[in-house]
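One structure is given here, and the rest of the page talks about it.
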Amino acid sequence: QAIVWDEYLTGPFGLIAQYSLLKEHEVEKMFTLKPGRLPPADVKNIIFFVRPKLELMDIITDNVLREDRGRSPQRDFHILFVPRRSLLCEQWLKEQGVLGSFIHREQYSLDLIPFDGDLLSMESESAFKECYLESDQTSLYHAAKGLMTLQALYGTIPQIFGKGDCARHVANMMIRMKREFPGSQNSIFPVFDTLLLLDRNVDLLTPLATQLTYEGLIDEIYGIQNTYVKLPPEKFAPKKQGEGGKDLPTEPKKLQLNSAEELYAEIRDKNFNAVGSVLSKKAKIISAAFEERHHAKTVGEIKQFVSQLPHMQAARSSLANHTSIAELIKDITTSEDFFDNLTVEQEFMSGIDTDKVNNYIEDCIAQKHPLIKILRLVCLQSVCNSGLKQKVLDHYKREIIQTYGYEHILTLNNLEKAGLLKPQTGGRNNYPTIRKTLRLWMDDVNEQNPNDISYVYSGYAPLSVRLAQLLARPGWRSIEEVLKMLPGPHFEERQQLPTGLQKKRQQGENRVTLVFFLGGVTYAEIAALRFLSQMEDGGTEYIIATTKLINGTTWIKSLMEKLEPAPF
């Protein structure tokens with residue numbers, strides 16, 4: 001059999017089933033879904049793995065119609081929708097006259113994909129846009145389904161807290177699903193004590209700011225896709241004596257980033273300014289370990305050294321890679337432009353000059369800097385001011401449209417609808433109150449040995465994570481007033497556990513909280529939650545789930561739309 005992949009799914013599936021595993025199950029060929037004839041392959045069955053999207057159905061129709069009916073043996077088609085079958089898509093295939101060609105039409109419920117030991121993502125790239133612009137709650141249904149599957153495996157979660165409209169929807173669906181399947185009362189001892197559902201639009205500020213952790217910066221600059229990153233190859237060329245740079249590799253260097261790599265697990269969540277010292281310490285330890293070989297005298301000692309070699313060599317190559325990545329990032333973070341951009345962000349977040357047109361933003365527009373950079377800054381200013389004064393907003397919009405073209409009018413409209421770039425209503429700015437009450441801005445940040453989550457943005461503590469932290473201690477009652485200022489309801493639900501499954505907490509045993517971000521989460525927020533998990537007196541361990549891993553750029557991109565000129 002051969003599999004035809006919807007390209008977007010290959011990354012997430014790569015995390016759960018490597019090609020070698022599929023090969024064992026008689027998958028002989030893999031193709032990417034594209035218009036035209038399917039490549040020749042000596043197989044009986046062809047399976048399409050696709051998301052239920054109409055534009056993909058057109059490509060499949062094309063593939064099927066161009067299939068050579070005269071060939072023998074005839075090939076059989078099957079279609080698997082991920083994560084759910086769609087009536088609309090099947091109807092479309094029927095209208096095109098190809099529905100009958102599919103012997104099997106199934107769905108593969110891929111809801112939550114494990115990205116790391118403490119991180120799950122649905123990788124649904126348009127979830128935020130669907131929920132907030134199109135009022136389409138499909139992704140919320142998938143989230144609720146995913147949470148039900150999780151509970152079937154790890155026990156019912158006794159307490160559910162949430163903030164935001166989407167959170168309310170997901171909780172309602174979970175409660176309804178539980179009612180509809182009375183047999184789902186499981187007798188598994190619960191792993192999680194609490195589920196916290198958070199809407200992305202409760203905290204629109206965090207993804208807009210530049211992340212300053214090591215992993216966050218890799219994502220901001222190069223983009224991490226399904227735990228893989230592609231980097232410019234020059235830094236990774238093996239240096240040979242006397243050859244000069246005659247044949248540098250041209251293919252980007254692809255690396256997998258997760259906690260399976262010891263060094264990465266140690267530095268990924270540190271502020272970038274604290275990474276250099278760790279790398280140089282590691283370099284000393286590794287070269288000392290290699291020096292040991294000169295002191296190995298007896299056969300036993302030599303044997304001991306040889307048995308450690310593979311681990312030492314892996315550590316050495318890991319160190320070389322991360323030193324190269326850190327150099328690449330440092331070139332950018334030490335640039336004047338990065339510094340100016342960061343300065344403006346930090347001024348906005350600490351509440352300086354958020355209510356007037358910003359000179360730096362104007363200069364960037366005049367120099368035609370990338371549009372996404374401009375939009376991130378303007379949206380950040382808007383969020384830090386609870387919306388902009390109408391004349392400031394109009395000024396920015398006019399400048400953007402004059403410089404980048406009228407076709408971005410739809411994008412500006414989308415950003416306004418999503419609450420990112422909007423006029424200030426009711427004439428008051430709540431952000432300062434929210435900032436002070438939740439201690440979102442910390443002046444004295446210790447980047448090397450942090451004592452507060454604000455280190456991930458060198459001063460700004462992510463609002464979403466602060467809410468999680470305050471929920472654990474002292475509880476949300478202490479911040480009722482501020483919760484009311486943030487969008488959407490906040491609520492608490494309890495799920496009855498069968499007798500005998502209630503947890504008796506041992507002295508010093510941590511609570512486990514699952515934080516589910518509806519609409520996306522950034523690596524900096526993940527780092528902040530991991531920091532809270534590791535705190536000595538924290539008492540709570542966090543597992544993170546989300547609809548999508550995002551950064552400011554991918555997030556704004558998902559809301560962008562271009563007006564195409566009329567085709568005449």
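Within each chain, counting starts at residue 1; across the structure tokens, chains are named A, B, ... in the order shown, with ligands numbered 1 upward in that order.
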
Taking a cut-off of 7 Å and counting only C-alpha atoms, can you build a table that, for each residue of stretch 409-505 of chain A near stretch 387-405 of chain A, reports the nearest atom pair and how far apart they are in Å (one decimal), sorted by chain then residue number, as JSON lines?
{"residue": "A:Leu421", "atom": "CA", "partner": "A:Gly387", "partner_atom": "CA", "distance": 6.7}
{"residue": "A:Lys422", "atom": "CA", "partner": "A:Gly387", "partner_atom": "CA", "distance": 5.0}
{"residue": "A:Pro423", "atom": "CA", "partner": "A:Gly387", "partner_atom": "CA", "distance": 4.8}
{"residue": "A:Gln424", "atom": "CA", "partner": "A:Gly387", "partner_atom": "CA", "distance": 4.0}

Worksheet item: For the atom pair atom CA of A:Leu501 and atom CA of A:Phe189, what is the interatomic distance in Å to one decimal place?
Response: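 A separation of 5.6 Å between them.
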
Surrounding residues of A:Val27 excluding itself and chain neighbours under 3 positions, 8 Å, only C-alpha atoms, as a CSV table (one decimal) with N, CA, C and O atoms, in the first residue's frame:
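Result saved to result.csv:
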chain,number,residue,atom,x,y,z
A,1,GLN,N,0.8,-1.2,0.0
A,1,GLN,CA,0.0,0.0,0.0
A,1,GLN,C,0.9,1.3,0.0
A,1,GLN,O,2.0,1.2,0.4
A,2,ALA,N,0.3,2.3,-0.5
A,2,ALA,CA,1.0,3.6,-0.5
A,2,ALA,C,0.1,4.6,0.3
A,2,ALA,O,-1.1,4.6,0.3
A,3,ILE,N,0.8,5.6,0.9
A,3,ILE,CA,0.1,6.6,1.6
A,3,ILE,C,0.3,8.0,0.9
A,3,ILE,O,1.4,8.3,0.5
A,22,LEU,N,6.0,2.5,9.8
A,22,LEU,CA,5.0,2.3,8.7
A,22,LEU,C,5.4,1.2,7.7
A,22,LEU,O,4.6,0.5,7.2
A,23,LYS,N,6.7,1.2,7.5
A,23,LYS,CA,7.3,0.2,6.5
A,23,LYS,C,7.0,-1.2,7.0
A,23,LYS,O,6.6,-2.1,6.2
A,24,GLU,N,7.2,-1.4,8.3
A,24,GLU,CA,6.9,-2.7,8.9
A,24,GLU,C,5.4,-3.1,8.6
A,24,GLU,O,5.1,-4.3,8.6
A,30,MET,N,5.4,6.6,0.0
A,30,MET,CA,4.7,7.8,0.6
A,30,MET,C,4.8,8.9,-0.4
A,30,MET,O,5.9,9.2,-1.0

Fill in: A:Gln159, A:Gln96, A:Gln496, A:Ser280 ranked by distance to A:Ala320, top pick (using only C-alpha atoms)
A:Ser280
